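S.K.: Okay, handing you the structure first.
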Amino acid sequence: MRSARAQLVLGLVAAASYSGRVHAQTTGGKTCVGSTMCVAATANATSTLYELSYTGSGSLGWMAIQRLASNYGMPSLISNPPRVATLDATNTNSVAAQPVIAFTIPTDPDTQTRQRLIWAVSTRNPGSSDPAATIAQHGMLTMGAFTLDVSTPVSSSSSSSSGDSTSGGTAHDLPTQSTALPALTKAQKLIIAHAILFTIGFMLLLPAGALFARLLRTTTPHWFKGHWIIQFYLTAPILLIGLATAVAGVADGGAPHFDGSHEKLGLVLCVLYVVQCSFGAIIHFVKDGNRQRRPPQNYIHAILGLLIMVIAFAQVRSGYRTEWPEFSGRGSLGNGINVLWIVWAVVPSPVLYFGGLALLPKQYSMEQRDREYRDRGVKH
């Protein structure tokens with residue numbers, strides 16, 4: 001099932017380990033995995049209805065069932081499965097705010113009431129409605145396994161009396177079972193390290209270095225040394241390690257490098273940082289000793305620095321609001337971190353920096369005086 005606006009690839013495969021036979025009574029269960037998908041199963045003696053609800057961002061596009069993978073290869077369509085899944089149009093709603101795709105499959109007479117399931121979600125549209133279409137790899141962290149308890153009775157008034165399918169009220173209406181989040185994977189730990197390091201580098205150290213230069217250049221001749229130490233000697237190693245942990249995390253998760261907008265903009269940001277440091281060094285160490293006014297590159301350096309910080313703050317925000325929930329499947333980080341970002345990004349840094357612009361007249365006056373001393377050969 002796919003829609004014209006599709007951007008999601010969602011797959012679910014059921015694996016059996018058995019402990020008893022299905023009873024005549026209709027039973028079911030429902031659970032949610034992370035922040036991207038909820039699964040409900042309703043079983044009777046002849047058929048089992050699965051309802052897959054997409055709860056992530058974006059619009060539902062494509063779902064796969066009855067595919068088989070070898071190791072970490074792309075799951076391919078099973079040509080002759082022992083039980084055939086059929087789309088259930090009654091319980092399917094692909095245009096809802098939280099789209100639901102439902103299908104029925106004959107109940108295995110030996111199935112247990114606790115079903116082991118594996119899941120994966122991707123935001124890439126395969127571009128085809130062919131059941132055997134090639135699907136792009138799921139997100140490096142939106143995958144996993146869980147056990148669904150389908151032993152809760154479903155009232156007869158809310159299920160079909162035909163015995164051939166389950167419709168109307170189903171397990172979809174049951175309370176959601178609590179599912180403990182699995183332990184962090186190696187890839188997730190690397191991405192967390194990347195987020196912490198880049199936050200320290202881009203949201204703390206770079207603004208601190210800029211403020212050091214902006215606020216102290218009119219009070220101490222050593223302002224550049226402090227500015228340079230913070231912006232390069234402290235920040236560069238942290239950003240380098242942060243970039244390395246991001247690349248390692250993506251590689252460990254088996255996902256393509258620099259594939260999304262966050263990743264691409266992050267790479268651009270790192271390149272701009274290198275350009276900015278090189279530009280600053282050239283401005284300071286390669287000077288025209290006879291210049292009579294502040295050169296244009298000084299203004300470009302200041303503007304580029306502000307641009308880098310604006311992009312960096314936006315990157316941090318997109319990282320915790322969009323990237324982490326989407327790729328980890330562990331849900332959002334809560335509003336607390338968003339409040340912290342707003343408090344730091346909107347109040348201290350801009351206020352202190354632009355407040356420091358009030359020192360520009362004094363700075364220009366000092367630079368003019370230095371040029372006059374230089375022209376007269378006066379040391380001070």
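In the structure tokens, chains take letters A, B, ... by order of appearance, with residues numbered from 1 within each chain and ligands from 1 in the order shown.
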I want to know what sits within 8 Å of Ser332 (chain A), based on only C-alpha atoms, with residues of the same chain fewer than 3 positions away left out; could you give that as a short mmCIF file (atom, residue, chain, number, x, y, z; two decimals) with N, CA, C and O atoms, in the first residue's frame?
M.R.:
```cif
data_model
loop_
_atom_site.label_atom_id
_atom_site.label_comp_id
_atom_site.auth_asym_id
_atom_site.auth_seq_id
_atom_site.Cartn_x
_atom_site.Cartn_y
_atom_site.Cartn_z
N SER A 35 9.08 5.58 19.00
CA SER A 35 8.15 6.66 18.63
C SER A 35 7.69 6.54 17.19
O SER A 35 7.10 7.47 16.65
N TYR A 320 18.34 16.95 18.05
CA TYR A 320 17.58 16.34 19.14
C TYR A 320 16.08 16.30 18.88
O TYR A 320 15.37 15.48 19.44
N ARG A 321 15.58 17.17 18.02
CA ARG A 321 14.13 17.19 17.76
C ARG A 321 13.71 16.24 16.64
O ARG A 321 12.60 15.69 16.67
N TRP A 324 17.34 12.33 16.22
CA TRP A 324 17.38 11.28 17.23
C TRP A 324 16.08 10.48 17.29
O TRP A 324 16.12 9.24 17.24
N PRO A 325 14.91 11.11 17.37
CA PRO A 325 13.69 10.30 17.38
C PRO A 325 13.51 9.47 16.11
O PRO A 325 13.07 8.33 16.16
#
```
S.K.: Can you list, as a PyMOL selection string, all residues belonging to region 134-369 of chain A that DSSP tags as helix (DSSP H, G or I)?
M.R.: chain A and resi 156-158+171-173+186-216+223-253+261-285+296-328+335-346+348-369
S.K.: Can you tell me how far CA of Leu87 (chain A) sits from CA of Pro153 (chain A), in Å to one decimal?
M.R.: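 Interatomic distance here is 23.6 Å.
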S.K.: Enumerate, in order of chain and increasing residue number, the residues of region 205-241 of chain A with an atom no farther than 10 Å from region 267-284 of chain A, each with its shortest atom pair and distance in Å to one decimal, counting only C-alpha atoms, as CSV.
M.R.:
```
residue,atom,partner,partner_atom,distance
A:Leu206,CA,A:Tyr273,CA,9.7
A:Phe224,CA,A:His284,CA,8.7
A:Trp228,CA,A:Cys277,CA,8.6
A:Gln231,CA,A:Cys277,CA,7.6
A:Phe232,CA,A:Cys277,CA,7.0
A:Thr235,CA,A:Tyr273,CA,10.0
A:Ala236,CA,A:Val274,CA,8.8
A:Leu239,CA,A:Cys270,CA,8.0
A:Leu240,CA,A:Cys270,CA,8.8
```
S.K.: Select, from A:Lys287, A:Arg67, A:Arg83, A:Arg114, the residue with the minimum atom-to-atom distance to Ala41 (chain A), counting only C-alpha atoms.
M.R.: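 Among the listed residues, A:Arg114 lies closest to Ala41 (chain A).
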S.K.: In Å, rounded to a single decimal, give me how far CA of Asp130 (chain A) is from CA of Leu68 (chain A).
M.R.: 16.2 Å
S.K.: Which residues are near Gln188 (chain A)? Cut-off 10 Å, only C-alpha atoms, ignore same chain within fewer than 4 positions. Put them as number ranges by chain.
M.R.: A: 140-141, 183-184, 192-194, 246, 249-250, 252-253, 324, 327-328
S.K.: Looking at A:Lys186, A:Phe202, A:Phe212, A:Ala132, which one is nearest to Leu307 (chain A), with distances taken over only C-alpha atoms?
M.R.: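 Checking each candidate against Leu307 (chain A), we get A:Phe202 as the closest.
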S.K.: Give me, please, the distance in Å between CA of Thr26 (chain A) and CA of Thr152 (chain A), quoted to one decimal.
M.R.: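 If I compute the distance from CA of Thr26 (chain A) to CA of Thr152 (chain A), I get 8.5 Å.
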S.K.: Report as a list in words all protein, DNA and RNA residues lying within 12 Å of Pro207 (chain A), evaluated on only C-alpha atoms, omitting residues in the same chain fewer than 5 positions from it.
M.R.: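 My list of contacting residues is Thr199, Ile200, Gly201, Phe202, Phe212, Ala213, Arg214, Leu215, His227, Ile230, Gln231, Thr235, Gly305, Leu306, Leu307, Ile308, Met309, Val310, Ala312, Phe313, Trp344, Ala345, Pro348, Ser349, Pro350, Val351, Leu352 and Tyr353 of chain A.
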S.K.: Which residues come within 8 Å of Thr55 (chain A), counting only C-alpha atoms, excluding same-chain residues fewer than 5 positions away, as number ranges by chain?
M.R.: A: 35-38, 98-99
S.K.: Nearest to Ala45 (chain A) among A:Ser155, A:Asn298, A:Gln115, A:Thr107, with distances taken over only C-alpha atoms: which residue is it?
M.R.: A:Thr107
